[in-house]
4 protein chains.
Amino acid sequence: MNKKVGIIGGDLRIIRLAEILAEDGYIIYTYALDKYNFLNKNIIKCNKIQEINSNCQCIISGIPFSKNGVYVNTPFTNEQIQVEELLENIQNNTLIVGGVKQNIVDNAKKNNIKIVDLLEYEELTILNIIPTVEGAVQIAMEETEFTIHSSNCLVLGFGRIGKLLSKTLKCLGANVSCMARKESDIAWIKAYGYKEIYINELEKNLNNEYDIIFNTIPVQILDSKKLEYLRNKKTLIIELASSPGGIDFEKAKEYNIKVVKALGLPGKVAPYTAARYIKQTFKKVFEI
Amino acid sequence: MNKKVGIIGGDLRIIRLAEILAEDGYIIYTYALDKYNFLNKNIIKCNKIQEINSNCQCIISGIPFSKNGVYVNTPFTNEQIQVEELLENIQNNTLIVGGVKQNIVDNAKKNNIKIVDLLEYEELTILNIIPTVEGAVQIAMEETEFTIHSSNCLVLGFGRIGKLLSKTLKCLGANVSCMARKESDIAWIKAYGYKEIYINELEKNLNNEYDIIFNTIPVQILDSKKLEYLRNKKTLIIELASSPGGIDFEKAKEYNIKVVKALGLPGKVAPYTAARYIKQTFKKVFEI
Amino acid sequence: MNKKVGIIGGDLRIIRLAEILAEDGYIIYTYALDKYNFLNKNIIKCNKIQEINSNCQCIISGIPFSKNGVYVNTPFTNEQIQVEELLENIQNNTLIVGGVKQNIVDNAKKNNIKIVDLLEYEELTILNIIPTVEGAVQIAMEETEFTIHSSNCLVLGFGRIGKLLSKTLKCLGANVSCMARKESDIAWIKAYGYKEIYINELEKNLNNEYDIIFNTIPVQILDSKKLEYLRNKKTLIIELASSPGGIDFEKAKEYNIKVVKALGLPGKVAPYTAARYIKQTFKKVFEI
Amino acid sequence: MNKKVGIIGGDLRIIRLAEILAEDGYIIYTYALDKYNFLNKNIIKCNKIQEINSNCQCIISGIPFSKNGVYVNTPFTNEQIQVEELLENIQNNTLIVGGVKQNIVDNAKKNNIKIVDLLEYEELTILNIIPTVEGAVQIAMEETEFTIHSSNCLVLGFGRIGKLLSKTLKCLGANVSCMARKESDIAWIKAYGYKEIYINELEKNLNNEYDIIFNTIPVQILDSKKLEYLRNKKTLIIELASSPGGIDFEKAKEYNIKVVKALGLPGKVAPYTAARYIKQTFKKVFEI
């Protein structure tokens with residue numbers, strides 16, 4: 001395998017990834033990361049995309065590659081780089097690995113560039129749940145004046161994040177309630193020893209004194225009617241579902257309910273761990 | 001709701017269910033359970049199916065209703081009752097709730113009897129995992145001269161049983177390895193802190209000193225080739241997958257490897273708990 | 001170090017210890033274990049104590065060495081061996097390692113035999129708590145028709161066994177209550193997330209529906225007055241405290257309360273693990 | 001019981017305590033907390049100590065009452081209050097409950113004031129371990145770029161804090177090693193499933209890649225010689241032992257090792273929980 005890898009843009013996770021790969025013996029050619037000062041000599045700063053072209057057959061991009069489809073995601077440079085222009089300047093047959101959405105893949109094909117979307121690897125998605133859950137716990141610790149131990153926590157949704165979050169909260173000593181829609185999830189909730197709440201019983205349960213509510217459901221579950229039950233209470237709501245999320249933020253503000261949006265946690269609370277997970281997945285892709 | 005319920009046949013779980021329902025205020029009419037001596041006065045022994053017909057609109061049967069499709073499953077009587085004959089003798093519009101397979105359902109329809117198959121309720125299946133896992137642990141404790149604490153356990157398969165079993169073994173202090181086929185399961189195995197083993201690495205891993213191997217996979221995974229690695233070792237294998245299971249029993253015997261078949265655990269190790277789960281599901285069905 | 005070790009008497013733990021030491025390369029000379037058929041060629045059966053004398057400077061005895069101070073503890077032979085006679089026949093300066101009580105130590109000194117009492121090693125006592133707790137759990141599983149999961153367990157006493165037992169029950173999904181006398185123990189009980197019960201509130205708490213009560217207190221705590229609360233209930237009591245224990249057995253019998261005495265668990269449920277712990281402690285003693 | 005309680009000085013824990021007691025129906029007379037704006041109408045701000053004298057027979061002070069023995073601990077006022085002067089101005093037979101050291105107790109006696117030192121209640125000390133451990137975890141999360149899950153953690157000391165901290169780290173998925181001096185602690189460390197490190201093996205173990213070291217030992221254990229092993233590594237050290245603690249801070253700085261001092265955690269990370277614990281202990285004292 002060619003041990004030269006290009007990196008274009010990306011956040012702290014990609015920076016840590018560059019460092020980890022360099023420690024593993026790769027030569028890394030970076031572009032659009034100029035605000036970060038790398039110490040490792042195997043990490044080479046490129047001023048032109050052509051320097052990457054002439055050295056690397058594989059390029060790692062940010063996750064996501066682009067936030068809006070127009071500009072590349074490059075928080076560590078002041079320059080703005082257009083997606084279209086970049087793809088035109090990358091040489092044929094280069095492999096780009098990153099968080100790449102469909103429209104960019106289509107564009108890339110026109111330029112004979114191969115694309116691998118890391119976000120399609122279920123393994124990476126699952127591994128990212130670990131720092132997501134730790135981040136949610138960290139936020140809960142920071143935003144409250146009480147311990148998670150002995151607190152009453154409600155987790156909305158028993159999907160991937162809900163499962164690991166409930167386990168973690170319980171092992172920290174919280175009283176954990178979980179709300180789910182499916183009978184089979186309710187059965188699992190009982191099996192794991194949490195208090196089960198059917199979705200149609202959520203409203204009356206909001207009368208209970210929950211200290212923290214974690215939402216993992218991406219459709220509006222805490223609407224204005226339900227938020228009324230939390231009025232004048234000290235409940236903290238932590239929103240883990242991606243936009244638009246499950247909470248009527250306007251109403252929550254009006255009712256003076258504290259809501260913390262907690263998105264992109266792996267990159268924020270554990271960029272090093274997140275980078276290690278990307279590396280794992282990257283190596284699988286690259287070495288096949 | 002009519003508080004009179006008939007019960008025909010079944011094992012210790014059904015007997016405990018009769019007792020629980022009687023304590024809840026139901027009048028229970030039993031048939032084909034004559035070897036068991038009920039103490040509760042709300043449980044009435046019927047000598048003829050007609051006594052049930054004239055009192056009950058709902059009948060609970062064993063799980064399964066019949067093991068072979070020909071005779072009703074009645075371990076607590078010496079009589080043999082034919083499925084076909086029984087269905088003919090039950091009056092029209094009666095509801096039978098139990099572990100009823102499709103061919104019996106078809107037969108019942110001809111006689112205008114309604115059937116509810118409890119085994120189709122995913123909730124019940126999931127709840128039964130709890131006594132299944134405890135039973136597996138109990139067998140592991142009984143069949144070994146060492147503690148589960150500090151032992152090396154390998155769980156084959158990371159489905160429902162594999163998940164709860166791994167959690168339980170770990171919390172008892174075992175070193176837990178899990179084998180799975182899917183990348184996403186491997187990611188979960190890591191997330192939960194077990195040692196992950198890819199299916200194609202099983203063979204070389206069998207060189208390790210596993211004290212106990214739990215199989216949950218219903219296709220032959222421990223074939224003669226793999227069993228050779230366990231020859232002359234003290235590994236105990238506990239088979240949790242339903243017949244034909246995942247182990248070449250002939251070879252295991254030849255190689256002097258100890259295999260314990262552990263099937264129908266809920267009814268064996270925790271009939272009372274199993275009965276409570278059936279009641280829960282039964283009540284949902286009945287009260288709609 | 002001399003790799004020849006004598007073994008006189010003892011139960012299955014000592015037999016497993018002989019096998020483990022033989023696998024480690026020791027030559028083992030056994031006496032008074034004739035009912036067991038050793039397969040390892042490094043284990044030599046002696047018919048006379050003199051064979052041990054002429055080979056070994058160190059002898060391992062049973063735990064305890066003697067149950068009554070008169071005869072040696074030798075369940076694996078039909079012969080009866082007097083302590084006094086044995087000590088006279090062992091040559092000067094031999095080291096005996098085992099579960100040896102003070103009066104035997106005194107006797108040994110007269111014969112110029114050195115004695116090490118393994119039971120004085122706190123480390124061994126603590127390690128033995130692991131198989132004791134697993135054994136208690138195994139008994140609870142075997143003696144009940146319900147799962148430990150979701151059951152209501154009361155642990156009397158929060159000493160060494162109480163602590164590890166409560167942790168294990170909780171991780172199996174039980175609702176765990178602990179009774180203690182000291183304020184500091186009550187605080188720990190809360191910290192670990194169990195329900196705390198002050199000793200003076202035990203009586204009124206016995207009105208609760210406990211499924212299993214584990215006693216670890218060696219003075220009578222469940223006296224006739226307290227047992228009255230358990231009359232006509234299905235509570236199982238498991239006695240883990242050494243004789244005379246904490247339960248009025250006569251009354252319990254009269255009140256039809258099921259009590260299981262669970263003593264000497266490490267040797268019964270996990271002789272191999274117990275042997276490994278003895279070996280660890282033995283090696284420390286011997287190699288100094 | 002008289003439902004009027006005075007409060008003089010103290011930090012956020014005492015403020016939360018005032019609020020909790022007010023919600024419980026007490027009338028609270030505060031002095032030297034003027035920088036905090038109480039909303040509850042049952043909390044009355046006093047400008048003179050005499051207002052407390054004429055209403056309250058019991059006064060709660062800060063924990064500690066005084067940091068230096070000269071001035072009262074009053075972070076929520078700009079005034080400085082002398083201990084001696086205050087004690088002279090409090091009327092005879094008043095009961096002061098707080099974190100009161102011996103010299104102040106002696107002084108109080110001269111003025112016929114009764115003192116209860118809350119820090120002598122072992123229960124409160126133990127309960128405070130819960131927020132201490134959560135605080136340590138929170139700091140570990142905040143100060144690292146990786147997850148606690150899968151990280152290598154070393155806990156120095158297996159006393160009260162060490163025990164609960166190890167349990168918490170393990171349940172978060174860390175690989176936990178514990179160092180202790182006593183054989184019995186080493187045995188417990190094994191029983192709980194952590195990696196045991198004898199104190200005399202610490203040095204060679206520091207060659208391992210620990211991500212985080214938590215120190216709970218109040219004597220210098222990480223001296224210059226041991227810190228050398230951590231030179232040029234990324235290990236984070238969190239100091240939980242009270243001053244002077246267990247780390248050679250000068251050397252750590254010289255060797256570029258990151259050390260975070262984490263003292264007084266309950267008041268910092270969970271003042272509300274800490275207040276609840278104080279209330280519990282206070283009520284016991286007061287109502288006897």
# chains A, B, ... in the order shown; residues from 1 in each chain; ligands from 1

call {"tool": "interface_residues", "arguments": {"of": "chain C", "to": "chain D", "cutoff": "8 Å", "atoms": "only C-alpha atoms", "output": "list in words"}}
result
Glu122, Glu123, Leu124, Ile126, Leu127, Ile130, Glu183, Ser184, Ile186, Ala187, Trp188, Lys190 and Ala191 of chain C

call {"tool": "residues_around", "arguments": {"residues": "Asn47 of chain D", "least_positions_apart": "6", "cutoff": "12 Å", "atoms": "only C-alpha atoms", "output": "list in words"}}
result
Ile8, Tyr29, Thr30, Tyr31, Ala32, Leu33, Asp34, Asn53, Thr77 and Glu79 of chain D

call {"tool": "select_by_dssp", "arguments": {"residues": "segment 32-82 of chain A", "states": "strand (DSSP E or B)", "output": "list of chain:residue names"}}
result
A:Ile43, A:Ile44, A:Lys45, A:Cys58, A:Ile59, A:Ile60, A:Ser61, A:Ser66, A:Tyr71, A:Val72, A:Gln82

call {"tool": "residues_around", "arguments": {"residues": "Gln57 of chain A", "least_positions_apart": "6", "cutoff": "8 Å", "atoms": "only C-alpha atoms", "output": "number ranges by chain"}}
result
A: 2, 4-6, 93-95

call {"tool": "write_last_selection", "arguments": {"atoms": "N, CA and C atoms", "output": "PDB file, in the first residue's frame"}}
result
ATOM      1  N   ASN A   2       0.411   2.223  -0.786  1.00  0.00           N
ATOM      2  CA  ASN A   2       1.052   3.534  -0.795  1.00  0.00           C
ATOM      3  C   ASN A   2       0.838   4.202   0.558  1.00  0.00           C
ATOM      4  N   LYS A   4       1.250   7.247   1.401  1.00  0.00           N
ATOM      5  CA  LYS A   4       1.037   8.695   1.346  1.00  0.00           C
ATOM      6  C   LYS A   4      -0.463   8.981   1.262  1.00  0.00           C
ATOM      7  N   VAL A   5      -0.953   9.782   2.175  1.00  0.00           N
ATOM      8  CA  VAL A   5      -2.384  10.067   2.220  1.00  0.00           C
ATOM      9  C   VAL A   5      -2.596  11.583   2.278  1.00  0.00           C
ATOM     10  N   GLY A   6      -3.513  12.073   1.470  1.00  0.00           N
ATOM     11  CA  GLY A   6      -3.856  13.491   1.518  1.00  0.00           C
ATOM     12  C   GLY A   6      -5.021  13.732   2.461  1.00  0.00           C
ATOM     13  N   ASN A  93      -9.057   9.258 -10.943  1.00  0.00           N
ATOM     14  CA  ASN A  93      -8.786   8.002 -10.234  1.00  0.00           C
ATOM     15  C   ASN A  93      -8.383   8.159  -8.769  1.00  0.00           C
ATOM     16  N   THR A  94      -8.380   9.397  -8.282  1.00  0.00           N
ATOM     17  CA  THR A  94      -8.129   9.567  -6.859  1.00  0.00           C
ATOM     18  C   THR A  94      -9.325   9.027  -6.072  1.00  0.00           C
ATOM     19  N   LEU A  95      -9.034   8.481  -4.889  1.00  0.00           N
ATOM     20  CA  LEU A  95     -10.100   7.981  -4.008  1.00  0.00           C
ATOM     21  C   LEU A  95     -10.298   8.989  -2.879  1.00  0.00           C
TER      22      LEU A  95
END

call {"tool": "residues_around", "arguments": {"residues": "Asn205 of chain D", "least_positions_apart": "4", "cutoff": "12 Å", "atoms": "only C-alpha atoms", "output": "number ranges by chain"}}
result
D: 154, 177-179, 195-201, 209-210, 213, 226-227, 229-230

call {"tool": "residues_around", "arguments": {"residues": "Ile90 of chain D", "least_positions_apart": "2", "cutoff": "12 Å", "atoms": "only C-alpha atoms", "output": "number ranges by chain"}}
result
D: 6, 8, 48-59, 83-88, 92-96, 108-114

call {"tool": "write_last_selection", "arguments": {"atoms": "N, CA and C atoms", "output": "mmCIF file, in the first residue's frame"}}
result
data_model
loop_
_atom_site.group_PDB
_atom_site.id
_atom_site.type_symbol
_atom_site.label_atom_id
_atom_site.label_comp_id
_atom_site.auth_asym_id
_atom_site.auth_seq_id
_atom_site.Cartn_x
_atom_site.Cartn_y
_atom_site.Cartn_z
ATOM 1 N N GLY D 6 -31.346 29.647 61.719
ATOM 2 C CA GLY D 6 -30.446 30.679 61.220
ATOM 3 C C GLY D 6 -29.362 30.083 60.343
ATOM 4 N N ILE D 8 -25.506 31.293 58.826
ATOM 5 C CA ILE D 8 -24.477 32.330 58.784
ATOM 6 C C ILE D 8 -23.354 31.896 57.859
ATOM 7 N N LYS D 48 -28.430 42.174 60.914
ATOM 8 C CA LYS D 48 -27.703 42.095 62.178
ATOM 9 C C LYS D 48 -27.831 40.694 62.755
ATOM 10 N N ILE D 49 -26.793 40.290 63.415
ATOM 11 C CA ILE D 49 -26.795 38.973 64.041
ATOM 12 C C ILE D 49 -27.914 38.875 65.083
ATOM 13 N N GLN D 50 -28.301 40.004 65.643
ATOM 14 C CA GLN D 50 -29.339 40.005 66.672
ATOM 15 C C GLN D 50 -30.691 39.518 66.138
ATOM 16 N N GLU D 51 -30.925 39.770 64.866
ATOM 17 C CA GLU D 51 -32.179 39.276 64.289
ATOM 18 C C GLU D 51 -32.238 37.755 64.338
ATOM 19 N N ILE D 52 -31.077 37.134 64.121
ATOM 20 C CA ILE D 52 -31.020 35.674 64.233
ATOM 21 C C ILE D 52 -31.201 35.266 65.688
ATOM 22 N N ASN D 53 -30.499 35.978 66.588
ATOM 23 C CA ASN D 53 -30.599 35.664 68.020
ATOM 24 C C ASN D 53 -32.044 35.662 68.513
ATOM 25 N N SER D 54 -32.798 36.654 68.043
ATOM 26 C CA SER D 54 -34.147 36.775 68.598
ATOM 27 C C SER D 54 -35.142 35.811 67.951
ATOM 28 N N ASN D 55 -34.699 35.074 66.949
ATOM 29 C CA ASN D 55 -35.612 34.135 66.288
ATOM 30 C C ASN D 55 -35.205 32.664 66.364
ATOM 31 N N CYS D 56 -33.899 32.435 66.368
ATOM 32 C CA CYS D 56 -33.436 31.054 66.140
ATOM 33 C C CYS D 56 -32.658 30.505 67.338
ATOM 34 N N GLN D 57 -32.900 29.239 67.647
ATOM 35 C CA GLN D 57 -32.102 28.564 68.654
ATOM 36 C C GLN D 57 -31.026 27.691 68.009
ATOM 37 N N CYS D 58 -31.133 27.576 66.705
ATOM 38 C CA CYS D 58 -30.171 26.739 65.987
ATOM 39 C C CYS D 58 -29.650 27.488 64.773
ATOM 40 N N ILE D 59 -28.343 27.430 64.583
ATOM 41 C CA ILE D 59 -27.713 28.126 63.461
ATOM 42 C C ILE D 59 -26.887 27.128 62.656
ATOM 43 N N VAL D 83 -14.324 35.337 63.722
ATOM 44 C CA VAL D 83 -14.898 34.209 64.442
ATOM 45 C C VAL D 83 -15.190 34.604 65.883
ATOM 46 N N GLU D 84 -14.199 35.178 66.536
ATOM 47 C CA GLU D 84 -14.306 35.461 67.959
ATOM 48 C C GLU D 84 -15.466 36.440 68.236
ATOM 49 N N GLU D 85 -15.520 37.468 67.419
ATOM 50 C CA GLU D 85 -16.558 38.483 67.585
ATOM 51 C C GLU D 85 -17.949 37.850 67.389
ATOM 52 N N LEU D 86 -18.051 37.057 66.358
ATOM 53 C CA LEU D 86 -19.335 36.417 66.074
ATOM 54 C C LEU D 86 -19.791 35.578 67.259
ATOM 55 N N LEU D 87 -18.874 34.744 67.768
ATOM 56 C CA LEU D 87 -19.243 33.848 68.869
ATOM 57 C C LEU D 87 -19.691 34.643 70.095
ATOM 58 N N GLU D 88 -19.071 35.803 70.296
ATOM 59 C CA GLU D 88 -19.473 36.634 71.438
ATOM 60 C C GLU D 88 -20.878 37.198 71.267
ATOM 61 N N ASN D 92 -26.467 32.851 74.433
ATOM 62 C CA ASN D 92 -26.237 31.600 75.160
ATOM 63 C C ASN D 92 -27.167 30.484 74.687
ATOM 64 N N ASN D 93 -26.640 29.263 74.791
ATOM 65 C CA ASN D 93 -27.445 28.066 74.520
ATOM 66 C C ASN D 93 -27.846 27.877 73.066
ATOM 67 N N THR D 94 -27.371 28.749 72.192
ATOM 68 C CA THR D 94 -27.626 28.498 70.769
ATOM 69 C C THR D 94 -26.821 27.268 70.327
ATOM 70 N N LEU D 95 -27.399 26.540 69.389
ATOM 71 C CA LEU D 95 -26.708 25.378 68.822
ATOM 72 C C LEU D 95 -26.191 25.759 67.442
ATOM 73 N N ILE D 96 -24.885 25.605 67.222
ATOM 74 C CA ILE D 96 -24.327 25.847 65.884
ATOM 75 C C ILE D 96 -23.949 24.510 65.261
ATOM 76 N N ALA D 108 -16.246 28.505 71.578
ATOM 77 C CA ALA D 108 -17.698 28.557 71.705
ATOM 78 C C ALA D 108 -18.122 28.209 73.118
ATOM 79 N N LYS D 109 -17.464 27.202 73.681
ATOM 80 C CA LYS D 109 -17.832 26.770 75.026
ATOM 81 C C LYS D 109 -17.741 27.902 76.027
ATOM 82 N N LYS D 110 -16.689 28.718 75.866
ATOM 83 C CA LYS D 110 -16.527 29.863 76.769
ATOM 84 C C LYS D 110 -17.748 30.764 76.736
ATOM 85 N N ASN D 111 -18.372 30.828 75.527
ATOM 86 C CA ASN D 111 -19.551 31.688 75.370
ATOM 87 C C ASN D 111 -20.863 30.925 75.552
ATOM 88 N N ASN D 112 -20.766 29.715 76.119
ATOM 89 C CA ASN D 112 -21.977 28.912 76.340
ATOM 90 C C ASN D 112 -22.767 28.623 75.070
ATOM 91 N N ILE D 113 -22.026 28.403 74.013
ATOM 92 C CA ILE D 113 -22.668 28.022 72.758
ATOM 93 C C ILE D 113 -22.361 26.556 72.490
ATOM 94 N N LYS D 114 -23.387 25.822 72.088
ATOM 95 C CA LYS D 114 -23.159 24.407 71.787
ATOM 96 C C LYS D 114 -22.799 24.254 70.308
#

call {"tool": "select_by_dssp", "arguments": {"residues": "segment 87-214 of chain B", "states": "helix (DSSP H, G or I)", "output": "JSON, numbers by chain"}}
result
{"B": [87, 88, 89, 102, 103, 104, 105, 106, 107, 108, 109, 110, 118, 119, 120, 122, 123, 124, 125, 126, 127, 129, 130, 131, 132, 133, 134, 135, 136, 137, 138, 139, 140, 141, 142, 143, 160, 161, 162, 163, 164, 165, 166, 167, 168, 169, 170, 171, 183, 184, 185, 186, 187, 188, 189, 190, 191, 199, 200, 201, 202, 203, 204, 205]}

call {"tool": "write_last_selection", "arguments": {"atoms": "C-alpha atoms", "output": "PDB file, in the first residue's frame"}}
result
ATOM      1  CA  LEU B  87     -61.031 -29.028  18.774  1.00  0.00           C
ATOM      2  CA  GLU B  88     -64.236 -30.755  17.728  1.00  0.00           C
ATOM      3  CA  ASN B  89     -65.440 -30.866  21.300  1.00  0.00           C
ATOM      4  CA  GLN B 102     -50.429 -22.769  12.019  1.00  0.00           C
ATOM      5  CA  ASN B 103     -51.841 -26.211  11.166  1.00  0.00           C
ATOM      6  CA  ILE B 104     -53.784 -26.213  14.424  1.00  0.00           C
ATOM      7  CA  VAL B 105     -55.058 -22.724  13.743  1.00  0.00           C
ATOM      8  CA  ASP B 106     -56.377 -23.957  10.395  1.00  0.00           C
ATOM      9  CA  ASN B 107     -58.077 -26.896  12.038  1.00  0.00           C
ATOM     10  CA  ALA B 108     -59.611 -24.637  14.652  1.00  0.00           C
ATOM     11  CA  LYS B 109     -61.100 -22.338  12.052  1.00  0.00           C
ATOM     12  CA  LYS B 110     -63.047 -25.218  10.594  1.00  0.00           C
ATOM     13  CA  LEU B 118     -48.894 -16.232  22.213  1.00  0.00           C
ATOM     14  CA  LEU B 119     -45.583 -16.993  20.540  1.00  0.00           C
ATOM     15  CA  GLU B 120     -46.359 -14.374  17.933  1.00  0.00           C
ATOM     16  CA  GLU B 122     -42.602 -10.435  20.349  1.00  0.00           C
ATOM     17  CA  GLU B 123     -42.913  -9.003  23.860  1.00  0.00           C
ATOM     18  CA  LEU B 124     -43.316 -12.485  25.343  1.00  0.00           C
ATOM     19  CA  THR B 125     -40.379 -13.804  23.349  1.00  0.00           C
ATOM     20  CA  ILE B 126     -38.162 -11.017  24.652  1.00  0.00           C
ATOM     21  CA  LEU B 127     -39.309 -11.373  28.258  1.00  0.00           C
ATOM     22  CA  ILE B 129     -34.918 -14.203  27.374  1.00  0.00           C
ATOM     23  CA  ILE B 130     -34.519 -13.196  31.031  1.00  0.00           C
ATOM     24  CA  PRO B 131     -35.190 -16.682  32.491  1.00  0.00           C
ATOM     25  CA  THR B 132     -33.343 -18.246  29.556  1.00  0.00           C
ATOM     26  CA  VAL B 133     -30.197 -16.316  30.415  1.00  0.00           C
ATOM     27  CA  GLU B 134     -30.503 -16.975  34.141  1.00  0.00           C
ATOM     28  CA  GLY B 135     -31.018 -20.627  33.384  1.00  0.00           C
ATOM     29  CA  ALA B 136     -27.896 -20.705  31.231  1.00  0.00           C
ATOM     30  CA  VAL B 137     -25.929 -19.115  34.052  1.00  0.00           C
ATOM     31  CA  GLN B 138     -27.362 -21.579  36.572  1.00  0.00           C
ATOM     32  CA  ILE B 139     -26.339 -24.510  34.377  1.00  0.00           C
ATOM     33  CA  ALA B 140     -22.862 -23.032  33.951  1.00  0.00           C
ATOM     34  CA  MET B 141     -22.562 -22.769  37.728  1.00  0.00           C
ATOM     35  CA  GLU B 142     -23.815 -26.290  38.309  1.00  0.00           C
ATOM     36  CA  GLU B 143     -21.748 -27.991  35.630  1.00  0.00           C
ATOM     37  CA  ARG B 160     -31.208 -11.316  21.682  1.00  0.00           C
ATOM     38  CA  ILE B 161     -29.974 -14.088  23.944  1.00  0.00           C
ATOM     39  CA  GLY B 162     -26.320 -13.407  23.168  1.00  0.00           C
ATOM     40  CA  LYS B 163     -26.700  -9.759  24.168  1.00  0.00           C
ATOM     41  CA  LEU B 164     -28.301 -10.319  27.574  1.00  0.00           C
ATOM     42  CA  LEU B 165     -26.128 -13.356  28.306  1.00  0.00           C
ATOM     43  CA  SER B 166     -22.894 -11.437  27.626  1.00  0.00           C
ATOM     44  CA  LYS B 167     -24.033  -8.593  29.881  1.00  0.00           C
ATOM     45  CA  THR B 168     -24.869 -11.020  32.684  1.00  0.00           C
ATOM     46  CA  LEU B 169     -21.624 -12.982  32.420  1.00  0.00           C
ATOM     47  CA  LYS B 170     -19.602  -9.774  32.440  1.00  0.00           C
ATOM     48  CA  CYS B 171     -21.368  -8.449  35.483  1.00  0.00           C
ATOM     49  CA  GLU B 183     -19.922  -5.627  11.289  1.00  0.00           C
ATOM     50  CA  SER B 184     -22.599  -3.754  13.220  1.00  0.00           C
ATOM     51  CA  ASP B 185     -22.731  -6.482  15.866  1.00  0.00           C
ATOM     52  CA  ILE B 186     -18.937  -6.406  16.130  1.00  0.00           C
ATOM     53  CA  ALA B 187     -19.168  -2.666  16.759  1.00  0.00           C
ATOM     54  CA  TRP B 188     -21.746  -3.204  19.508  1.00  0.00           C
ATOM     55  CA  ILE B 189     -19.602  -5.943  21.047  1.00  0.00           C
ATOM     56  CA  LYS B 190     -16.774  -3.411  21.328  1.00  0.00           C
ATOM     57  CA  ALA B 191     -19.099  -0.717  22.625  1.00  0.00           C
ATOM     58  CA  ILE B 199     -16.721 -15.366  12.530  1.00  0.00           C
ATOM     59  CA  ASN B 200     -13.756 -16.091  10.263  1.00  0.00           C
ATOM     60  CA  GLU B 201     -11.397 -15.851  13.211  1.00  0.00           C
ATOM     61  CA  LEU B 202     -13.324 -18.314  15.358  1.00  0.00           C
ATOM     62  CA  GLU B 203     -11.123 -21.245  14.452  1.00  0.00           C
ATOM     63  CA  LYS B 204      -7.855 -19.687  15.519  1.00  0.00           C
ATOM     64  CA  ASN B 205      -9.498 -18.295  18.648  1.00  0.00           C
TER      65      ASN B 205
END

call {"tool": "atom_distance", "arguments": {"atom1": "atom CA of Ile60 of chain B", "atom2": "atom CA of Leu39 of chain B"}}
result
19.5 Å

call {"tool": "atom_distance", "arguments": {"atom1": "atom CA of Tyr272 of chain C", "atom2": "atom CA of Ser61 of chain C"}}
result
16.3 Å

call {"tool": "residues_around", "arguments": {"residues": "Ile20 of chain A", "least_positions_apart": "5", "cutoff": "10 Å", "atoms": "only C-alpha atoms", "output": "MDAnalysis selection string"}}
result
chainID A and resid 14:15 25:26 40 272 275:276 279

call {"tool": "write_last_selection", "arguments": {"atoms": "N, CA and C atoms", "output": "mmCIF file, in the first residue's frame"}}
result
data_model
loop_
_atom_site.group_PDB
_atom_site.id
_atom_site.type_symbol
_atom_site.label_atom_id
_atom_site.label_comp_id
_atom_site.auth_asym_id
_atom_site.auth_seq_id
_atom_site.Cartn_x
_atom_site.Cartn_y
_atom_site.Cartn_z
ATOM 1 N N ILE A 14 -10.335 15.206 12.297
ATOM 2 C CA ILE A 14 -9.488 14.936 11.128
ATOM 3 C C ILE A 14 -8.033 15.297 11.459
ATOM 4 N N ILE A 15 -7.869 16.348 12.261
ATOM 5 C CA ILE A 15 -6.516 16.730 12.705
ATOM 6 C C ILE A 15 -5.896 15.604 13.532
ATOM 7 N N GLY A 25 3.210 5.806 10.661
ATOM 8 C CA GLY A 25 4.188 5.697 9.584
ATOM 9 C C GLY A 25 3.718 6.241 8.240
ATOM 10 N N TYR A 26 2.518 6.777 8.184
ATOM 11 C CA TYR A 26 2.051 7.373 6.936
ATOM 12 C C TYR A 26 2.689 8.759 6.751
ATOM 13 N N ASN A 40 4.298 16.872 14.177
ATOM 14 C CA ASN A 40 4.876 15.654 13.596
ATOM 15 C C ASN A 40 5.469 15.953 12.216
ATOM 16 N N TYR A 272 -10.174 12.656 19.682
ATOM 17 C CA TYR A 272 -9.127 11.646 19.523
ATOM 18 C C TYR A 272 -9.743 10.252 19.342
ATOM 19 N N ALA A 275 -11.370 10.025 16.026
ATOM 20 C CA ALA A 275 -10.366 9.850 14.971
ATOM 21 C C ALA A 275 -9.929 8.391 14.891
ATOM 22 N N ARG A 276 -9.779 7.752 16.037
ATOM 23 C CA ARG A 276 -9.378 6.339 16.039
ATOM 24 C C ARG A 276 -10.441 5.475 15.351
ATOM 25 N N LYS A 279 -10.162 6.006 11.644
ATOM 26 C CA LYS A 279 -8.997 5.286 11.139
ATOM 27 C C LYS A 279 -9.321 3.803 10.916
#
